[in-house]
>>> print(open('coords28.csv').read())   # CSV, C-alpha atoms and all ligand atoms
chain,number,residue,atom,x,y,z
A,1,MET,CA,101.5,101.8,75.7
A,2,PRO,CA,103.7,104.9,76.3
A,3,ASP,CA,107.4,104.2,77.1
A,4,SER,CA,108.2,105.7,80.5
A,5,ARG,CA,111.8,106.3,79.3
A,6,THR,CA,110.7,108.9,76.8
A,7,ARG,CA,109.5,111.3,79.5
A,8,SER,CA,111.4,114.6,79.3
A,9,SER,CA,113.6,115.4,82.2
A,10,SER,CA,112.3,118.9,82.1
A,11,GLU,CA,108.8,117.6,82.9
A,12,VAL,CA,108.0,119.0,86.3
A,13,ARG,CA,104.4,117.9,86.8
A,14,PRO,CA,103.9,114.8,89.0
A,15,LEU,CA,103.1,111.8,86.9
A,16,VAL,CA,99.9,109.9,87.5
A,17,VAL,CA,99.7,106.5,85.7
A,18,ILE,CA,96.3,104.8,85.3
A,19,THR,CA,97.6,101.3,85.1
A,20,ASP,CA,94.3,99.8,83.9
A,21,SER,CA,90.6,100.5,83.8
A,22,ASP,CA,87.4,99.3,82.2
A,23,PHE,CA,86.2,102.9,81.7
A,24,GLY,CA,87.1,103.4,78.0
A,25,ASP,CA,88.1,107.1,78.4
A,26,HIS,CA,89.6,109.1,81.2
A,27,SER,CA,87.8,112.4,80.7
A,28,ILE,CA,86.8,112.6,84.4
A,29,GLU,CA,90.3,111.9,85.6
A,30,SER,CA,91.7,114.5,83.2
A,31,GLU,CA,89.2,117.1,84.3
A,32,VAL,CA,90.2,116.7,88.0
A,33,LEU,CA,93.9,116.2,87.6
A,34,GLU,CA,95.1,118.1,84.5
A,35,PRO,CA,96.9,120.4,84.1
A,36,ARG,CA,98.4,120.1,87.6
A,37,PHE,CA,99.5,116.5,86.9
A,38,GLU,CA,100.6,114.6,83.9
A,39,LEU,CA,98.2,111.8,83.2
A,40,ARG,CA,99.3,108.6,81.4
A,41,HIS,CA,96.9,105.7,80.6
A,42,ALA,CA,98.9,102.4,80.5
A,43,ALA,CA,96.1,99.9,79.7
A,44,ALA,CA,98.5,97.3,81.3
A,45,THR,CA,97.6,93.7,81.1
A,46,SER,CA,100.5,92.3,83.1
A,47,THR,CA,102.9,93.2,85.9
A,48,ALA,CA,105.6,93.7,83.4
A,49,GLU,CA,103.5,96.3,81.5
A,50,VAL,CA,102.7,98.1,84.7
A,51,ILE,CA,106.4,98.4,85.6
A,52,GLU,CA,107.3,99.5,82.0
A,53,ALA,CA,104.6,102.2,81.9
A,54,ALA,CA,104.9,103.4,85.5
A,55,ALA,CA,108.7,103.4,86.2
A,56,ASP,CA,108.7,107.2,86.8
A,57,ALA,CA,105.2,107.5,88.3
A,58,ASP,CA,104.4,109.6,91.4
A,59,ALA,CA,101.0,107.9,91.8
A,60,LEU,CA,99.1,105.0,90.4
A,61,MET,CA,95.4,104.6,89.8
A,62,VAL,CA,94.7,100.9,89.6
A,63,GLN,CA,91.5,98.9,88.9
A,64,TRP,CA,92.4,95.2,88.5
A,65,ARG,CA,96.2,94.9,88.1
A,66,ARG,CA,98.1,93.5,91.1
A,67,ILE,CA,100.5,95.9,92.9
A,68,GLY,CA,102.9,93.9,95.1
A,69,SER,CA,106.5,94.4,96.1
A,70,GLU,CA,107.7,93.2,92.7
A,71,VAL,CA,106.1,96.3,91.3
A,72,LEU,CA,106.7,98.7,94.2
A,73,ASP,CA,110.4,97.9,94.1
A,74,ARG,CA,110.7,99.1,90.5
A,75,LEU,CA,108.9,102.4,91.0
A,76,PRO,CA,111.3,104.6,93.0
A,77,ARG,CA,109.3,107.8,92.8
A,78,LEU,CA,106.0,106.3,93.8
A,79,LYS,CA,104.2,108.1,96.6
A,80,ALA,CA,100.6,106.8,96.3
A,81,VAL,CA,98.5,103.9,95.0
A,82,ILE,CA,94.8,104.7,94.5
A,83,ARG,CA,92.5,101.7,94.0
A,84,TYR,CA,89.5,102.3,91.7
A,85,GLY,CA,87.1,100.5,94.1
A,86,THR,CA,86.5,99.2,97.6
A,87,GLY,CA,88.5,96.0,97.9
A,88,LEU,CA,92.2,96.3,98.4
A,89,ASP,CA,93.0,92.6,97.9
A,90,ASN,CA,95.0,93.3,94.6
A,91,ILE,CA,97.2,95.8,96.5
A,92,ASP,CA,99.9,94.7,98.9
A,93,VAL,CA,99.0,97.3,101.5
A,94,ALA,CA,101.7,96.2,104.0
A,95,ALA,CA,104.5,96.3,101.3
A,96,ALA,CA,103.4,99.8,100.2
A,97,ARG,CA,103.3,101.1,103.7
A,98,ALA,CA,106.7,99.6,104.4
A,99,ARG,CA,108.0,101.7,101.5
A,100,GLY,CA,106.2,104.9,102.7
A,101,VAL,CA,103.6,104.7,99.9
A,102,ILE,CA,100.1,105.9,100.7
A,103,VAL,CA,97.3,103.5,99.7
A,104,ARG,CA,93.7,104.7,99.2
A,105,ASN,CA,90.5,103.1,98.1
A,106,VAL,CA,87.1,104.5,97.2
A,107,ASP,CA,85.0,102.9,99.8
A,108,ASP,CA,81.6,104.7,99.6
A,109,TYR,CA,80.7,105.1,96.0
A,110,CYS,CA,78.5,101.9,95.5
A,111,ILE,CA,77.0,101.0,98.9
A,112,GLU,CA,73.5,101.4,97.5
A,113,GLU,CA,74.3,99.5,94.3
A,114,VAL,CA,75.8,96.4,95.9
A,115,ALA,CA,73.2,96.2,98.7
A,116,GLU,CA,70.5,96.4,96.1
A,117,HIS,CA,72.2,93.8,93.9
A,118,ALA,CA,72.1,91.4,96.9
A,119,ALA,CA,68.6,92.3,98.0
A,120,ALA,CA,67.4,91.7,94.4
A,121,ALA,CA,69.1,88.3,94.3
A,122,ILE,CA,67.5,87.4,97.6
A,123,ALA,CA,64.1,88.4,96.5
A,124,ALA,CA,64.5,86.5,93.2
A,125,ALA,CA,65.6,83.4,95.1
A,126,ARG,CA,62.8,83.7,97.6
A,127,ARG,CA,60.3,83.7,94.7
A,128,ARG,CA,62.3,80.8,93.1
A,129,LEU,CA,62.5,82.8,89.8
A,130,LEU,CA,65.6,81.0,88.5
A,131,LEU,CA,64.1,77.5,89.2
A,132,TYR,CA,60.7,78.4,87.6
A,133,SER,CA,62.4,80.1,84.7
A,134,ASN,CA,64.6,77.1,83.9
A,135,ALA,CA,61.7,74.7,84.2
A,136,VAL,CA,59.2,76.7,82.1
A,137,LYS,CA,61.8,77.1,79.3
A,138,GLU,CA,62.1,73.3,79.3
A,139,GLY,CA,58.3,72.9,79.0
A,140,HIS,CA,57.6,72.1,82.7
A,141,CYS,CA,54.8,74.4,83.6
A,142,SER,CA,53.9,72.9,87.0
A,143,PRO,CA,54.4,74.7,90.4
A,144,ASP,CA,56.1,71.5,91.7
A,145,VAL,CA,59.4,72.2,89.9
A,146,ALA,CA,60.5,74.3,92.9
A,147,PRO,CA,59.8,74.5,96.6
A,148,ALA,CA,56.9,76.9,97.2
A,149,PRO,CA,58.1,80.5,97.6
A,150,LEU,CA,58.2,81.9,101.2
A,151,ARG,CA,56.9,85.1,102.6
A,152,PRO,CA,59.8,87.3,103.8
A,153,ALA,CA,58.7,86.8,107.5
A,154,ASN,CA,59.3,83.1,107.1
A,155,ASP,CA,62.6,83.5,105.3
A,156,PRO,CA,65.5,84.2,107.7
A,157,THR,CA,68.5,85.7,105.9
A,158,GLY,CA,72.1,85.9,107.0
A,159,ILE,CA,74.6,88.6,106.4
A,160,VAL,CA,78.4,88.0,106.8
A,161,GLY,CA,80.3,91.2,107.2
A,162,TYR,CA,78.3,94.2,108.7
A,163,GLY,CA,80.2,97.1,107.3
A,164,ARG,CA,78.9,99.7,104.9
A,165,ILE,CA,77.3,97.3,102.4
A,166,GLY,CA,76.2,94.6,104.9
A,167,ARG,CA,74.5,97.2,107.1
A,168,ARG,CA,72.6,98.8,104.2
A,169,LEU,CA,71.5,95.3,103.0
A,170,GLY,CA,70.3,94.6,106.6
A,171,GLU,CA,68.2,97.7,106.4
A,172,LYS,CA,66.6,96.7,103.1
A,173,LEU,CA,66.0,93.1,104.2
A,174,ALA,CA,64.4,94.2,107.5
A,175,SER,CA,62.2,96.7,105.8
A,176,ALA,CA,61.0,93.9,103.4
A,177,GLY,CA,60.1,91.8,106.4
A,178,HIS,CA,63.0,89.3,106.6
A,179,PRO,CA,64.3,88.2,109.9
A,180,VAL,CA,68.0,89.2,109.6
A,181,ILE,CA,70.8,87.4,111.4
A,182,VAL,CA,74.4,88.8,111.2
A,183,HIS,CA,77.9,87.5,111.7
A,184,ASP,CA,80.7,90.0,112.0
A,185,PRO,CA,83.0,89.6,115.0
A,186,TYR,CA,84.1,93.2,114.7
A,187,SER,CA,80.6,94.9,114.6
A,188,SER,CA,78.6,93.5,117.5
A,189,ALA,CA,77.6,97.0,118.7
A,190,ALA,CA,76.2,98.0,115.3
A,191,ILE,CA,74.3,94.7,114.9
A,192,ALA,CA,72.7,95.2,118.4
A,193,ASP,CA,72.0,98.9,117.7
A,194,ASP,CA,70.1,97.9,114.5
A,195,GLY,CA,68.1,95.2,116.4
A,196,HIS,CA,69.4,92.2,114.4
A,197,GLU,CA,70.2,88.8,115.9
A,198,GLU,CA,73.9,88.1,116.0
A,199,ALA,CA,75.5,84.7,115.2
A,200,ALA,CA,78.7,83.9,117.1
A,201,ASN,CA,80.2,82.1,114.1
A,202,LEU,CA,79.6,81.3,110.5
A,203,VAL,CA,78.5,77.7,111.1
A,204,GLN,CA,75.8,78.8,113.5
A,205,LEU,CA,74.6,81.5,111.1
A,206,ALA,CA,74.5,79.2,108.1
A,207,SER,CA,72.4,76.7,110.1
A,208,LYS,CA,69.8,79.3,110.9
A,209,VAL,CA,69.2,81.0,107.5
A,210,ASN,CA,67.9,80.3,104.0
A,211,HIS,CA,70.1,82.9,102.3
A,212,LEU,CA,73.8,83.6,103.2
A,213,SER,CA,75.1,86.9,101.8
A,214,LEU,CA,78.8,87.7,101.9
A,215,HIS,CA,79.9,91.3,102.5
A,216,LEU,CA,83.4,91.0,104.0
A,217,PRO,CA,86.8,91.7,102.6
A,218,LEU,CA,89.1,89.0,101.1
A,219,THR,CA,92.1,88.6,103.5
A,220,ALA,CA,94.3,85.7,104.6
A,221,GLU,CA,91.8,85.1,107.4
A,222,THR,CA,88.7,85.1,105.2
A,223,ALA,CA,89.9,83.2,102.0
A,224,GLY,CA,87.8,80.1,101.5
A,225,ILE,CA,85.6,80.9,104.5
A,226,VAL,CA,82.6,79.3,102.7
A,227,ASP,CA,83.4,75.6,102.4
A,228,THR,CA,81.6,72.3,102.5
A,229,THR,CA,80.8,72.6,106.2
A,230,ILE,CA,79.2,76.0,105.8
A,231,LEU,CA,77.2,75.0,102.6
A,232,ASN,CA,76.0,71.8,104.3
A,233,GLN,CA,74.7,73.9,107.2
A,234,LEU,CA,73.0,76.2,104.7
A,235,GLY,CA,71.0,73.1,103.6
A,236,PRO,CA,69.7,71.6,100.5
A,237,SER,CA,67.4,74.5,99.4
A,238,GLY,CA,69.8,77.2,100.6
A,239,HIS,CA,70.9,80.2,98.6
A,240,LEU,CA,74.5,81.6,98.7
A,241,VAL,CA,75.0,85.2,97.6
A,242,ASN,CA,78.6,86.2,96.9
A,243,HIS,CA,78.9,89.8,95.7
A,244,ALA,CA,82.2,90.4,97.7
A,245,ARG,CA,85.2,88.4,96.4
A,246,GLY,CA,85.3,85.1,94.6
A,247,SER,CA,88.1,83.6,96.7
A,248,LEU,CA,85.9,83.8,99.9
A,249,VAL,CA,84.2,80.7,98.5
A,250,ASP,CA,85.7,77.2,97.8
A,251,GLU,CA,84.3,77.0,94.3
A,252,GLN,CA,84.8,73.2,94.1
A,253,ALA,CA,82.7,72.8,97.3
A,254,LEU,CA,80.1,75.1,95.9
A,255,LEU,CA,79.8,73.0,92.7
A,256,LEU,CA,79.5,69.8,94.7
A,257,TRP,CA,76.8,71.3,96.9
A,258,LEU,CA,74.8,72.5,93.9
A,259,GLU,CA,75.1,69.0,92.3
A,260,ALA,CA,74.0,67.2,95.5
A,261,SER,CA,71.1,69.6,96.3
A,262,PRO,CA,68.5,70.0,93.5
A,263,SER,CA,66.9,73.1,95.0
A,264,ALA,CA,70.1,74.9,96.1
A,265,THR,CA,71.0,78.1,94.3
A,266,ALA,CA,73.7,80.7,94.2
A,267,SER,CA,73.9,84.3,93.1
A,268,LEU,CA,77.5,85.2,92.2
A,269,ASP,CA,78.9,88.5,91.0
A,270,VAL,CA,82.5,87.5,91.7
A,271,PHE,CA,84.7,84.5,90.9
A,272,VAL,CA,88.1,83.1,91.8
A,273,ASN,CA,89.0,83.7,88.1
A,274,GLU,CA,87.8,86.8,86.4
A,275,PRO,CA,86.9,86.6,83.6
A,276,PRO,CA,85.7,83.1,84.6
A,277,THR,CA,87.7,80.1,83.6
A,278,GLY,CA,87.9,76.6,85.2
A,279,LYS,CA,85.6,76.1,88.2
A,280,SER,CA,84.5,79.7,88.0
A,281,LEU,CA,83.2,79.1,84.4
A,282,GLU,CA,81.5,75.9,85.5
A,283,LEU,CA,79.7,77.9,88.1
A,284,VAL,CA,78.7,80.6,85.6
A,285,LYS,CA,77.2,78.0,83.3
A,286,HIS,CA,75.4,76.1,86.1
A,287,PRO,CA,71.6,76.4,85.6
A,288,ARG,CA,71.0,77.2,89.3
A,289,VAL,CA,73.6,80.0,89.4
A,290,LEU,CA,72.4,83.6,88.8
A,291,ALA,CA,75.7,85.1,87.5
A,292,SER,CA,76.8,88.7,86.8
A,293,PRO,CA,80.2,89.8,85.7
A,294,HIS,CA,81.5,91.7,88.7
A,295,ILE,CA,79.2,94.6,88.2
A,296,ALA,CA,77.4,94.8,91.5
A,297,TYR,CA,79.0,98.3,92.0
A,298,LEU,CA,77.7,99.6,88.7
A,299,SER,CA,75.1,102.3,88.0
A,300,THR,CA,75.0,105.5,86.0
A,301,ALA,CA,75.7,107.4,89.2
A,302,SER,CA,78.3,105.2,90.9
A,303,LEU,CA,80.9,105.1,88.1
A,304,PRO,CA,81.4,108.8,87.7
A,305,GLU,CA,81.5,109.1,91.5
A,306,LEU,CA,84.1,106.4,91.7
A,307,ARG,CA,86.4,108.1,89.1
A,308,ARG,CA,86.0,111.5,90.5
A,309,LYS,CA,86.7,110.4,94.1
A,310,ALA,CA,89.7,108.3,93.0
A,311,ALA,CA,91.2,111.3,91.2
A,312,GLN,CA,90.5,113.5,94.3
A,313,HIS,CA,92.4,110.9,96.4
A,314,VAL,CA,95.4,111.4,94.1
A,315,ILE,CA,95.4,115.1,94.9
A,316,ASP,CA,95.0,114.5,98.6
A,317,ALA,CA,97.8,112.0,98.7
A,318,LEU,CA,100.3,113.9,96.6
A,319,CYS,CA,99.5,117.5,97.8
A,320,HIS,CA,98.6,117.0,101.4
A,321,ASP,CA,100.9,115.7,104.0
A,322,GLU,CA,99.0,112.6,104.9
A,323,THR,CA,99.9,109.4,106.7
A,324,PRO,CA,98.4,106.1,105.5
A,325,SER,CA,94.8,105.5,106.6
A,326,PRO,CA,93.9,102.5,108.8
A,327,ASP,CA,92.1,100.5,106.0
A,328,ARG,CA,90.9,97.2,107.2
A,329,ARG,CA,90.6,95.7,103.8
B,1,LIG,N1,81.0,93.2,93.6
B,1,LIG,C1,81.3,94.4,93.6
B,1,LIG,O1,81.1,95.2,92.7
B,1,LIG,C2,81.8,95.0,94.9
B,1,LIG,C3,81.7,96.4,95.1
B,1,LIG,C4,82.2,97.0,96.3
B,1,LIG,C5,82.7,96.1,97.3
B,1,LIG,N2,82.8,94.8,97.1
B,1,LIG,C6,83.3,93.9,98.1
B,1,LIG,O2,82.4,94.0,99.3
B,1,LIG,C7,83.3,94.0,100.4
B,1,LIG,C8,82.6,94.7,101.6
B,1,LIG,O3,82.5,96.1,101.3
B,1,LIG,P1,82.1,97.2,102.4
B,1,LIG,O4,82.2,98.5,101.8
B,1,LIG,O5,80.9,96.8,103.1
B,1,LIG,O6,83.4,97.0,103.4
B,1,LIG,P2,83.5,97.4,104.9
B,1,LIG,O7,84.9,97.4,105.3
B,1,LIG,O8,82.7,98.6,105.2
B,1,LIG,O9,82.8,96.1,105.7
B,1,LIG,C9,83.4,94.9,105.8
B,1,LIG,C10,83.0,94.2,107.1
B,1,LIG,O10,83.5,92.9,107.1
B,1,LIG,C11,83.8,92.6,108.5
B,1,LIG,N3,84.6,91.4,108.6
B,1,LIG,C12,86.0,91.4,108.4
B,1,LIG,N4,86.4,90.1,108.6
B,1,LIG,C13,85.3,89.4,108.9
B,1,LIG,C14,85.1,88.0,109.2
B,1,LIG,N5,86.1,87.1,109.3
B,1,LIG,N6,83.8,87.6,109.4
B,1,LIG,C15,82.8,88.4,109.3
B,1,LIG,N7,82.9,89.8,109.1
B,1,LIG,C16,84.2,90.2,108.9
B,1,LIG,C17,84.4,93.9,109.0
B,1,LIG,O11,84.3,93.9,110.4
B,1,LIG,C18,83.5,94.9,108.3
B,1,LIG,O12,82.4,95.3,109.2
B,1,LIG,C19,84.6,94.6,100.0
B,1,LIG,O13,85.7,94.2,100.8
B,1,LIG,C20,84.7,94.3,98.5
B,1,LIG,O14,85.5,93.1,98.4
B,1,LIG,C21,82.3,94.2,95.9
>>> encode(input="coords28.csv", output="structure tokens")
Amino acid sequence: MPDSRTRSSSEVRPLVVITDSDFGDHSIESEVLEPRFELRHAAATSTAEVIEAAADADALMVQWRRIGSEVLDRLPRLKAVIRYGTGLDNIDVAAARARGVIVRNVDDYCIEEVAEHAAAAIAAARRRLLLYSNAVKEGHCSPDVAPAPLRPANDPTGIVGYGRIGRRLGEKLASAGHPVIVHDPYSSAAIADDGHEEAANLVQLASKVNHLSLHLPLTAETAGIVDTTILNQLGPSGHLVNHARGSLVDEQALLLWLEASPSATASLDVFVNEPPTGKSLELVKHPRVLASPHIAYLSTASLPELRRKAAQHVIDALCHDETPSPDRR
């Protein structure tokens, strides 16, 4: 990792530090940002490494590392934090704003991908693919190993969070023939415009649907929103889809629900611990969990779009006189 103290005082270009990323190379970021900006890739694995690599940064590009006041206080030149992705739960947005630091996310690069990931999980669960696959691999070749599959029209599906991804999922589910019921206390007008039934609260929604798909941000208000009460309402052959953030779900409650309900299933792309350890790992290994490693956003098209848009946000934040956007995440 480069040592920030070795940067020449004659260096005039603003410094952009990529704190961490899964991308392997930074050719797209270089193409957009150099030679106007100096680009440094830190590959930081801890807060201390972020601080060490970014002490003289003008902007950060961040995928997974946490940027809180302990980092912000150590980066006196910092003007912008750009998140590679949609969720801002690893960035302390309030602390950044209090210090005049602009925060941006890339919120529109993977709407289709995440909505499709959820729609695919719902179709697979409706056809009981995981249950049949597990049974047939163990030599049980009878239709009785799972509840009979449903037609979409008989399979009401719930969406929690009716923003960009939830709305696109609603479109896909409705066109496949599912009755769609939505809970989002901030989006009643859009739910009505699209002709879906609205549920006043999560308990009511869970009691009416077979699949419950989460598409809301992780905040202090939403952490642990899916607990034993909600899972019990979803019922013994319900299907929980979480492609939003792991900590929206009480993982211990989810494990207990799966154990108590032999036909219950879950499709999880996100976990409290990533990479999975502890309860998160127990869930990954559970035979009735369809797991993926936080890749719902991924496609050959989405990743270059994410990187290009994130780099463009750096230019917008450092070169245009902008005030922080009213992000809700
Ligand atoms: N797994 C992945 O690869 C991946 C990729 C992109 C996004 N995500 C996650 O998906 C989430 C949704 O993304 P988006 O682009 O649709 O966001 P968005 O901001 O467009 O929509 C979020 C919606 O959630 C609603 N909401 C907020 N609090 C709520 C509550 N208590 N109950 C019900 N609804 C509530 C908001 O009103 C909003 O309509 C992101 O916050 C992110 O965490 C995951």
>>> residues_near_ligand(input="coords28.csv", ligand="ligand LIG 1 (chain B)", cutoff="7 Å", atoms="only C-alpha atoms and all ligand atoms", output="PDB file with C-alpha atoms, in the frame of the given file")
ATOM      1  CA  GLY A  85      87.100 100.500  94.100  1.00  0.00           C
ATOM      2  CA  THR A  86      86.500  99.200  97.600  1.00  0.00           C
ATOM      3  CA  GLY A  87      88.500  96.000  97.900  1.00  0.00           C
ATOM      4  CA  ASP A 107      85.000 102.900  99.800  1.00  0.00           C
ATOM      5  CA  ASP A 108      81.600 104.700  99.600  1.00  0.00           C
ATOM      6  CA  CYS A 110      78.500 101.900  95.500  1.00  0.00           C
ATOM      7  CA  ILE A 111      77.000 101.000  98.900  1.00  0.00           C
ATOM      8  CA  VAL A 114      75.800  96.400  95.900  1.00  0.00           C
ATOM      9  CA  VAL A 160      78.400  88.000 106.800  1.00  0.00           C
ATOM     10  CA  GLY A 161      80.300  91.200 107.200  1.00  0.00           C
ATOM     11  CA  TYR A 162      78.300  94.200 108.700  1.00  0.00           C
ATOM     12  CA  GLY A 163      80.200  97.100 107.300  1.00  0.00           C
ATOM     13  CA  ARG A 164      78.900  99.700 104.900  1.00  0.00           C
ATOM     14  CA  ILE A 165      77.300  97.300 102.400  1.00  0.00           C
ATOM     15  CA  GLY A 166      76.200  94.600 104.900  1.00  0.00           C
ATOM     16  CA  HIS A 183      77.900  87.500 111.700  1.00  0.00           C
ATOM     17  CA  ASP A 184      80.700  90.000 112.000  1.00  0.00           C
ATOM     18  CA  PRO A 185      83.000  89.600 115.000  1.00  0.00           C
ATOM     19  CA  TYR A 186      84.100  93.200 114.700  1.00  0.00           C
ATOM     20  CA  SER A 187      80.600  94.900 114.600  1.00  0.00           C
ATOM     21  CA  HIS A 215      79.900  91.300 102.500  1.00  0.00           C
ATOM     22  CA  LEU A 216      83.400  91.000 104.000  1.00  0.00           C
ATOM     23  CA  PRO A 217      86.800  91.700 102.600  1.00  0.00           C
ATOM     24  CA  LEU A 218      89.100  89.000 101.100  1.00  0.00           C
ATOM     25  CA  GLU A 221      91.800  85.100 107.400  1.00  0.00           C
ATOM     26  CA  THR A 222      88.700  85.100 105.200  1.00  0.00           C
ATOM     27  CA  HIS A 243      78.900  89.800  95.700  1.00  0.00           C
ATOM     28  CA  ALA A 244      82.200  90.400  97.700  1.00  0.00           C
ATOM     29  CA  ARG A 245      85.200  88.400  96.400  1.00  0.00           C
ATOM     30  CA  ASP A 269      78.900  88.500  91.000  1.00  0.00           C
ATOM     31  CA  VAL A 270      82.500  87.500  91.700  1.00  0.00           C
ATOM     32  CA  HIS A 294      81.500  91.700  88.700  1.00  0.00           C
ATOM     33  CA  ILE A 295      79.200  94.600  88.200  1.00  0.00           C
ATOM     34  CA  ALA A 296      77.400  94.800  91.500  1.00  0.00           C
ATOM     35  CA  TYR A 297      79.000  98.300  92.000  1.00  0.00           C
ATOM     36  CA  LEU A 298      77.700  99.600  88.700  1.00  0.00           C
ATOM     37  CA  ARG A 328      90.900  97.200 107.200  1.00  0.00           C
ATOM     38  CA  ARG A 329      90.600  95.700 103.800  1.00  0.00           C
TER      39      ARG A 329
END
>>> residues_around(input="coords28.csv", residues="A:Glu282", least_positions_apart="6", cutoff="10 Å", atoms="all atoms listed in the file", output="list in words")
Glu251, Gln252, Leu255, Pro276 and Val289 of chain A
>>> closest_residue(input="coords28.csv", among="A:Ala206, A:Leu88, A:Leu173, A:Val71", to="A:Ala118", atoms="all atoms listed in the file")
A:Leu173
>>> residues_around(input="coords28.csv", residues="A:Val241", least_positions_apart="2", cutoff="7 Å", atoms="only C-alpha atoms", output="list in words")
Ala118, Leu212, Ser213, Leu214, His239, His243, Ala266, Ser267 and Leu268 of chain A
>>> residues_near_point(input="coords28.csv", point="(61.3, 89.7, 109.2)", cutoff="9 Å", atoms="all atoms listed in the file", output="list in words")
Pro152, Ala153, Asn154, Asp155, Pro156, Thr157, Leu173, Ala174, Ser175, Ala176, Gly177, His178, Pro179 and Val180 of chain A
>>> write_last_selection(input="coords28.csv", atoms="C-alpha atoms", output="PDB file, in the frame of the given file")
ATOM      1  CA  PRO A 152      59.800  87.300 103.800  1.00  0.00           C
ATOM      2  CA  ALA A 153      58.700  86.800 107.500  1.00  0.00           C
ATOM      3  CA  ASN A 154      59.300  83.100 107.100  1.00  0.00           C
ATOM      4  CA  ASP A 155      62.600  83.500 105.300  1.00  0.00           C
ATOM      5  CA  PRO A 156      65.500  84.200 107.700  1.00  0.00           C
ATOM      6  CA  THR A 157      68.500  85.700 105.900  1.00  0.00           C
ATOM      7  CA  LEU A 173      66.000  93.100 104.200  1.00  0.00           C
ATOM      8  CA  ALA A 174      64.400  94.200 107.500  1.00  0.00           C
ATOM      9  CA  SER A 175      62.200  96.700 105.800  1.00  0.00           C
ATOM     10  CA  ALA A 176      61.000  93.900 103.400  1.00  0.00           C
ATOM     11  CA  GLY A 177      60.100  91.800 106.400  1.00  0.00           C
ATOM     12  CA  HIS A 178      63.000  89.300 106.600  1.00  0.00           C
ATOM     13  CA  PRO A 179      64.300  88.200 109.900  1.00  0.00           C
ATOM     14  CA  VAL A 180      68.000  89.200 109.600  1.00  0.00           C
TER      15      VAL A 180
END
>>> residues_around(input="coords28.csv", residues="stretch 122-130 of chain A", least_positions_apart="5", cutoff="8 Å", atoms="only C-alpha atoms", output="ChimeraX atom specification")
/A:146-152,155,211,239,241,265,288,290
>>> write_last_selection(input="coords28.csv", atoms="C-alpha atoms", output="short mmCIF file (atom, residue, chain, number, x, y, z; two decimals), in the coordinates of the input")
data_model
loop_
_atom_site.label_atom_id
_atom_site.label_comp_id
_atom_site.auth_asym_id
_atom_site.auth_seq_id
_atom_site.Cartn_x
_atom_site.Cartn_y
_atom_site.Cartn_z
CA ALA A 146 60.50 74.30 92.90
CA PRO A 147 59.80 74.50 96.60
CA ALA A 148 56.90 76.90 97.20
CA PRO A 149 58.10 80.50 97.60
CA LEU A 150 58.20 81.90 101.20
CA ARG A 151 56.90 85.10 102.60
CA PRO A 152 59.80 87.30 103.80
CA ASP A 155 62.60 83.50 105.30
CA HIS A 211 70.10 82.90 102.30
CA HIS A 239 70.90 80.20 98.60
CA VAL A 241 75.00 85.20 97.60
CA THR A 265 71.00 78.10 94.30
CA ARG A 288 71.00 77.20 89.30
CA LEU A 290 72.40 83.60 88.80
#
>>> atom_distance(input="coords28.csv", atom1="atom CA of A:Ser21", atom2="atom CA of A:Ala120")
27.0 Å
>>> build_atoms(input="coords28.csv", residues="stretch 46-56 of chain A", atoms="N, CA and C atoms", output="compact mmCIF listing (two decimals), in the frame of the given file")
# COMPACT_ATOMS: atom_id res chain seq x y z
N SER A 46 99.59 93.20 82.33
CA SER A 46 100.50 92.30 83.10
C SER A 46 101.32 93.18 84.04
N THR A 47 101.97 92.52 85.00
CA THR A 47 102.90 93.20 85.90
C THR A 47 104.00 93.89 85.14
N ALA A 48 104.54 93.18 84.15
CA ALA A 48 105.60 93.70 83.40
C ALA A 48 105.21 95.04 82.67
N GLU A 49 103.98 95.06 82.17
CA GLU A 49 103.50 96.30 81.50
C GLU A 49 103.25 97.40 82.49
N VAL A 50 102.82 97.06 83.70
CA VAL A 50 102.70 98.10 84.70
C VAL A 50 104.03 98.73 85.01
N ILE A 51 105.04 97.90 85.21
CA ILE A 51 106.40 98.40 85.60
C ILE A 51 106.92 99.26 84.41
N GLU A 52 106.73 98.79 83.19
CA GLU A 52 107.30 99.50 82.00
C GLU A 52 106.61 100.90 81.92
N ALA A 53 105.29 100.93 82.12
CA ALA A 53 104.60 102.20 81.90
C ALA A 53 104.73 103.15 83.10
N ALA A 54 105.04 102.60 84.29
CA ALA A 54 104.90 103.40 85.50
C ALA A 54 106.28 103.62 86.21
N ALA A 55 107.37 103.33 85.53
CA ALA A 55 108.70 103.40 86.20
C ALA A 55 108.96 104.74 86.83
N ASP A 56 108.44 105.83 86.26
CA ASP A 56 108.70 107.20 86.80
C ASP A 56 107.42 107.79 87.39
